[in-house]
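Reading through the structure tokens given below for one structure.
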Amino acid sequence: MQPQEKREFRIHKDILWSIIKSQAGTLQKAILELVMNSIDAGASKVEIALASNTLQVTDDGKGFTSRQEIEEFFETFGTPHQEGDARYGRFRMGRGQIMAFTRNKWRSGRFAMDVDIRDMGLAYHLAETPAAQSGCSISCELYESLKPSELIQTQDALRQLCKYAPIPVLVNGEQVSVDLDKEKWTFEDDDAWYLLRESARSLDVYNLGIHVTGYPTSFLGTGGIVVSKHQLQVNFARNDILAKECKVWKRIAARVQAHVKSTEEKAPVQNEAYRGVMMDRLLSGQFESGEEFYDALVSAKVFTDHGGRHLSLFGLKDAIDKTSGLLVDLSAGHAKADRVHQSRLALVLSPRTRSRADWKTMPEILKRIEQNTKLFPDFGGWCRREKIQQVTQTLEDALVDIDTAARSLSDQHRIVEDKELSKEERVALKVISHTSAIIARAAGVDDRTIRVCECDSADGFTDGFSTIFIERKFLKIGGAQGHGFHAFHAIGSLLLHEFGHDNASGTGHDHPQEFYQAFHDKVDVLGVYAYQALNYWVSERRRAGMRLRVGDTHAMDLMSLQTA
């Protein structure tokens with residue numbers, strides 16, 4: 001038998017190539033790895049400059065001080081960090097992510113490293129420079145240009161990913177990181193800062209200030225933000241927590257769950273499950289006391305109107321008092337429901353209310369509730385029983401069918417005040433008001449104030465000299481691909497029509513042949529208007545902090561092609 005030879009396993013370079021490529025999920029995550037490297041290098045600030053084709057990341061950390069460090073920590077992937085020498089790093093693999101997206105040049109100390117894995121593979125150029133570069137500067141050329149929407153999405157993502165970084169992080173000159181001590185937290189302990197909100201879409205977890213992952217609210221029973229004070233154990237890609245191994249996370253998760261439990265004990269969350277249970281209890285009278293039954297009538301929001309607002313029985317009565325005093329109980333969708341409800345001709349109940357009540361009609365629901373007051377001898381006195389009877393009687397007297405409520409739609413209009421508009425409607429009105437001058441110039445007239453109305457018989461009308469009224473439906477700009485352009489094209493057409501009137505157009509009018517000819521001669525402006533209005537719409541949505549939708553990002557990319 002030949003003597004044994006001791007050898008070590010090695011990794012093939014193709015595996016390293018695969019690791020570099022596969023761990024790079026998104027550009028923003030790759031940039032985040034560079035931010036963490038800067039923090040580990042002792043930087044006091046990180047600056048990121050991102051454009052459609054280029055990226056620059058600069059810090060004032062310790063950088064590379066010798067050729068040996070470059071060979072061990074830059075050239076060699078997987079060299080483990082020593083205990084305590086890094087806040088985030090473990091195996092020095094993260095820098096590979098940016099190499100998957102860009103051709104990059106590293107400058108640090110007296111050294112320059114040029115990397116281009118797409119054209120040079122795993123080889124790189126190393127040179128010494130006459131002048132020293134303090135910290136580390138990484139200049140990148142993107143392999144694939146970013147579309148305008150992708151550029152904005154990457155910037156917005158970095159704002160979220162780096163929000164609680166322990167040092168200032170600047171993206172295109174704007175500081176995106178915040179001071180943890182100045183933020184409002186639900187509470188904090190030795191392990192983390194907590195901002196817990198049931199209404200949040202997810203529970204976002206930050207490892208020592210850097211975003212790791214977002215869990216669905218069902219995971220721990222709430223949404224919000226958790227920023228750890230100690231290092232969490234994360235997976236290789238640093239996009240999830242090793243929940244079974246990480247003792248810090250186990251304590252954090254337990255604290256979140258304890259908070260959720262204590263909150264639920266204080267006041268139940270009025271979600272759809274709660275509304276279904278409470279409607280059933282109101283109809284069956286399953287309460288411990290008359291006091292509990294009365295409180296449920298006051299506070300349990302089991303009635304849903306056409307706008308999605310949830311109301312208690314008493315709240316429903318108050319809401320009707322603020323409209324025309326009429327109530328419509330729908331068992332299914334109806335073409336006139338939205339107009340009737342928005343015009344406040346009646347409060348329209350959503351079919352969801354009947355569904356929740358096992359498809360009982362509103363009169364049947366009210367009758368059951370009034371009957372159930374007799375189940376409680378200790379109801380709390382005559383005045384409470386009388387109050388419930390007054391509320392149920394008011395609601396029953398208010399009931400009308402949808403056609404009765406809509407009877408006046410065809411021969412009336414209502415001016416809508418700005419304060420009545422939703423945030424999205426206000427943004428749309430701002431855009432239309434800002435861009436209407438484009439149409440006015442094409443029509444050869446002075447610009448006019450744009451106001452909103454609700455009108456069943458016309459899309460808009462004008463007083464002929466100072467104001468154009470547009471129907472409220474035009475403020476709803478769709479979020480699907482192409483919807484925005486078509487919506488603003490239609491708005492532009494309406495404005496061109498109304499600018500053509502030099503006297504009051506009312507809500508119904510005839511036009512001579514000359515009017516139609518003048519309109520036709522100027523119709524070419526509509527495409528220009530739609531593009532400019534759409535561009536302004538996207539920028540205003542971002543300025544208002546509103547989420548960009550598929551249609552908005554598609555519009556940005558489309559407009560970039562027009563100007564290329």
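Identifiers in the structure tokens: chain A, B, ... in order shown; residue index from 1 per chain; ligand index from 1 in order shown.
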
Practice task
Using DSSP on the backbone coordinates, identify the residues of range 109-223 of chain A assigned to alpha helix (DSSP H); present them as a ChimeraX atom specification.
Solution key: /A:117-120,148-161,217-220

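For Leu311 in chain A, the residues within 10 Å (counting only C-alpha atoms, excluding itself and residues fewer than 3 positions away along the chain) are A:Leu297, A:Val298, A:Ser299, A:Ala300, A:Lys301, A:Val302, A:Phe303, A:Thr304, A:Asp305, A:Gly308, A:Phe314, A:Gly315, A:Leu316, A:Lys317, A:Asp318, A:Ala319.
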
Those same residues - N, CA and C atoms - I'd like them written as a compact mmCIF listing (two decimals), in the first residue's frame.
```txt
# COMPACT_ATOMS: atom_id res chain seq x y z
N LEU A 297 -73.07 48.26 18.79
CA LEU A 297 -73.84 49.07 17.84
C LEU A 297 -73.17 50.43 17.60
N VAL A 298 -72.48 50.91 18.62
CA VAL A 298 -71.80 52.20 18.52
C VAL A 298 -70.47 52.09 17.78
N SER A 299 -69.72 51.00 18.03
CA SER A 299 -68.33 50.96 17.57
C SER A 299 -67.99 49.88 16.55
N ALA A 300 -68.77 48.80 16.44
CA ALA A 300 -68.43 47.72 15.51
C ALA A 300 -68.79 48.13 14.09
N LYS A 301 -67.76 48.32 13.24
CA LYS A 301 -67.97 48.83 11.88
C LYS A 301 -68.26 47.68 10.91
N VAL A 302 -69.53 47.28 10.88
CA VAL A 302 -69.94 46.11 10.09
C VAL A 302 -70.66 46.48 8.79
N PHE A 303 -70.92 47.77 8.58
CA PHE A 303 -71.59 48.23 7.37
C PHE A 303 -70.55 48.90 6.47
N THR A 304 -70.49 48.50 5.21
CA THR A 304 -69.50 49.03 4.27
C THR A 304 -70.21 49.78 3.15
N ASP A 305 -69.80 51.04 2.92
CA ASP A 305 -70.45 51.80 1.86
C ASP A 305 -69.73 51.59 0.53
N GLY A 308 -66.01 52.04 0.18
CA GLY A 308 -65.11 51.20 0.96
C GLY A 308 -64.98 51.61 2.41
N PHE A 314 -74.56 53.18 14.43
CA PHE A 314 -74.71 54.59 14.77
C PHE A 314 -73.93 55.47 13.78
N GLY A 315 -72.75 55.00 13.36
CA GLY A 315 -71.96 55.74 12.39
C GLY A 315 -72.65 55.85 11.05
N LEU A 316 -73.40 54.82 10.67
CA LEU A 316 -74.14 54.82 9.42
C LEU A 316 -75.22 55.89 9.46
N LYS A 317 -75.89 55.99 10.60
CA LYS A 317 -76.94 57.01 10.75
C LYS A 317 -76.34 58.42 10.65
N ASP A 318 -75.18 58.63 11.30
CA ASP A 318 -74.53 59.95 11.25
C ASP A 318 -74.08 60.29 9.82
N ALA A 319 -73.58 59.28 9.10
CA ALA A 319 -73.11 59.51 7.72
C ALA A 319 -74.27 59.89 6.81
```

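For Asp459 in chain A, the non-local neighbours within 12 Å, defined as residues at least 5 positions apart in the same chain or in other chains and counting only C-alpha atoms, are His413, Val452, Cys453, Glu454, Ile468, Phe469, Ile470, Glu471, Arg472, Lys473, Phe474, Leu475, Ala490, Ile491, Ser493, Leu494, Leu495, His497, Glu498, Ser505, Gly506, Thr507 and Gly508 of chain A.
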
Pull N, CA and C atoms from the residues just selected and write them as a PDB file, in the first residue's frame.
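What landed in part.pdb:
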```pdb
ATOM      1  N   HIS A 413     -75.874  69.156 -12.093  1.00  0.00           N
ATOM      2  CA  HIS A 413     -74.447  68.969 -11.876  1.00  0.00           C
ATOM      3  C   HIS A 413     -74.093  69.591 -10.532  1.00  0.00           C
ATOM      4  N   VAL A 452     -63.586  71.038 -10.926  1.00  0.00           N
ATOM      5  CA  VAL A 452     -64.164  69.696 -11.027  1.00  0.00           C
ATOM      6  C   VAL A 452     -65.653  69.741 -10.728  1.00  0.00           C
ATOM      7  N   CYS A 453     -66.415  68.955 -11.484  1.00  0.00           N
ATOM      8  CA  CYS A 453     -67.850  68.850 -11.233  1.00  0.00           C
ATOM      9  C   CYS A 453     -68.276  67.391 -11.318  1.00  0.00           C
ATOM     10  N   GLU A 454     -69.471  67.126 -10.863  1.00  0.00           N
ATOM     11  CA  GLU A 454     -70.105  65.824 -11.057  1.00  0.00           C
ATOM     12  C   GLU A 454     -71.355  66.064 -11.876  1.00  0.00           C
ATOM     13  N   ILE A 468     -63.083  76.310 -16.782  1.00  0.00           N
ATOM     14  CA  ILE A 468     -63.577  75.095 -17.425  1.00  0.00           C
ATOM     15  C   ILE A 468     -63.858  74.082 -16.322  1.00  0.00           C
ATOM     16  N   PHE A 469     -65.018  73.459 -16.361  1.00  0.00           N
ATOM     17  CA  PHE A 469     -65.388  72.426 -15.401  1.00  0.00           C
ATOM     18  C   PHE A 469     -65.274  71.070 -16.093  1.00  0.00           C
ATOM     19  N   ILE A 470     -64.538  70.144 -15.468  1.00  0.00           N
ATOM     20  CA  ILE A 470     -64.408  68.798 -16.035  1.00  0.00           C
ATOM     21  C   ILE A 470     -65.050  67.791 -15.082  1.00  0.00           C
ATOM     22  N   GLU A 471     -65.658  66.773 -15.663  1.00  0.00           N
ATOM     23  CA  GLU A 471     -66.331  65.754 -14.856  1.00  0.00           C
ATOM     24  C   GLU A 471     -65.299  64.990 -14.021  1.00  0.00           C
ATOM     25  N   ARG A 472     -65.688  64.655 -12.816  1.00  0.00           N
ATOM     26  CA  ARG A 472     -64.775  64.057 -11.842  1.00  0.00           C
ATOM     27  C   ARG A 472     -64.136  62.761 -12.334  1.00  0.00           C
ATOM     28  N   LYS A 473     -64.802  62.028 -13.190  1.00  0.00           N
ATOM     29  CA  LYS A 473     -64.288  60.747 -13.660  1.00  0.00           C
ATOM     30  C   LYS A 473     -62.945  60.906 -14.377  1.00  0.00           C
ATOM     31  N   PHE A 474     -62.672  62.118 -14.928  1.00  0.00           N
ATOM     32  CA  PHE A 474     -61.417  62.336 -15.649  1.00  0.00           C
ATOM     33  C   PHE A 474     -60.213  62.364 -14.711  1.00  0.00           C
ATOM     34  N   LEU A 475     -60.446  62.471 -13.415  1.00  0.00           N
ATOM     35  CA  LEU A 475     -59.344  62.496 -12.446  1.00  0.00           C
ATOM     36  C   LEU A 475     -58.859  61.100 -12.080  1.00  0.00           C
ATOM     37  N   ALA A 490     -57.695  61.910 -23.770  1.00  0.00           N
ATOM     38  CA  ALA A 490     -59.122  62.232 -23.653  1.00  0.00           C
ATOM     39  C   ALA A 490     -59.325  63.557 -22.929  1.00  0.00           C
ATOM     40  N   ILE A 491     -58.508  63.821 -21.898  1.00  0.00           N
ATOM     41  CA  ILE A 491     -58.601  65.094 -21.176  1.00  0.00           C
ATOM     42  C   ILE A 491     -58.247  66.253 -22.108  1.00  0.00           C
ATOM     43  N   SER A 493     -58.543  66.340 -25.319  1.00  0.00           N
ATOM     44  CA  SER A 493     -59.630  66.509 -26.283  1.00  0.00           C
ATOM     45  C   SER A 493     -60.774  67.305 -25.668  1.00  0.00           C
ATOM     46  N   LEU A 494     -61.101  67.002 -24.405  1.00  0.00           N
ATOM     47  CA  LEU A 494     -62.157  67.732 -23.715  1.00  0.00           C
ATOM     48  C   LEU A 494     -61.777  69.203 -23.548  1.00  0.00           C
ATOM     49  N   LEU A 495     -60.530  69.470 -23.137  1.00  0.00           N
ATOM     50  CA  LEU A 495     -60.087  70.853 -22.959  1.00  0.00           C
ATOM     51  C   LEU A 495     -60.108  71.620 -24.280  1.00  0.00           C
ATOM     52  N   HIS A 497     -62.003  71.105 -26.784  1.00  0.00           N
ATOM     53  CA  HIS A 497     -63.418  71.359 -27.074  1.00  0.00           C
ATOM     54  C   HIS A 497     -63.913  72.588 -26.312  1.00  0.00           C
ATOM     55  N   GLU A 498     -63.623  72.623 -24.990  1.00  0.00           N
ATOM     56  CA  GLU A 498     -64.162  73.714 -24.167  1.00  0.00           C
ATOM     57  C   GLU A 498     -63.445  75.034 -24.426  1.00  0.00           C
ATOM     58  N   SER A 505     -70.955  77.316 -22.171  1.00  0.00           N
ATOM     59  CA  SER A 505     -71.397  76.143 -22.911  1.00  0.00           C
ATOM     60  C   SER A 505     -72.485  75.379 -22.179  1.00  0.00           C
ATOM     61  N   GLY A 506     -72.688  75.703 -20.893  1.00  0.00           N
ATOM     62  CA  GLY A 506     -73.713  74.990 -20.146  1.00  0.00           C
ATOM     63  C   GLY A 506     -73.403  73.513 -20.061  1.00  0.00           C
ATOM     64  N   THR A 507     -74.429  72.709 -19.917  1.00  0.00           N
ATOM     65  CA  THR A 507     -74.230  71.268 -19.885  1.00  0.00           C
ATOM     66  C   THR A 507     -74.884  70.595 -21.067  1.00  0.00           C
ATOM     67  N   GLY A 508     -75.200  71.356 -22.062  1.00  0.00           N
ATOM     68  CA  GLY A 508     -75.750  70.798 -23.294  1.00  0.00           C
ATOM     69  C   GLY A 508     -75.824  71.904 -24.323  1.00  0.00           C
TER      70      GLY A 508
END
```

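In this model, the gap between CA of Thr394 in chain A and CA of Leu327 in chain A comes to 10.0 Å.
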
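For the pair CA of Leu496 in chain A and CA of Met556 in chain A, the interatomic distance is 24.7 Å.
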
Practice task
Kindly give the distance, in Å, that separates CA of Ile365 in chain A and CA of Gly290 in chain A, rounded to a single decimal.
Solution key: 18.0 Å

Practice task
Please identify all polymer residues within 7 Å of Leu366 in chain A, counting only C-alpha atoms, omitting same-chain residues fewer than 4 positions from it, and present them as a ChimeraX atom specification.
Solution key: /A:362,370,392

Store the residues picked out above, limited to C-alpha atoms, as a PDB file, in the first residue's frame.
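For reference, selection_1.pdb as written:
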```pdb
ATOM      1  CA  MET A 362     -81.228  46.123   5.318  1.00  0.00           C
ATOM      2  CA  GLU A 370     -84.319  45.986  17.272  1.00  0.00           C
ATOM      3  CA  THR A 392     -83.066  51.919  13.251  1.00  0.00           C
TER       4      THR A 392
END
```
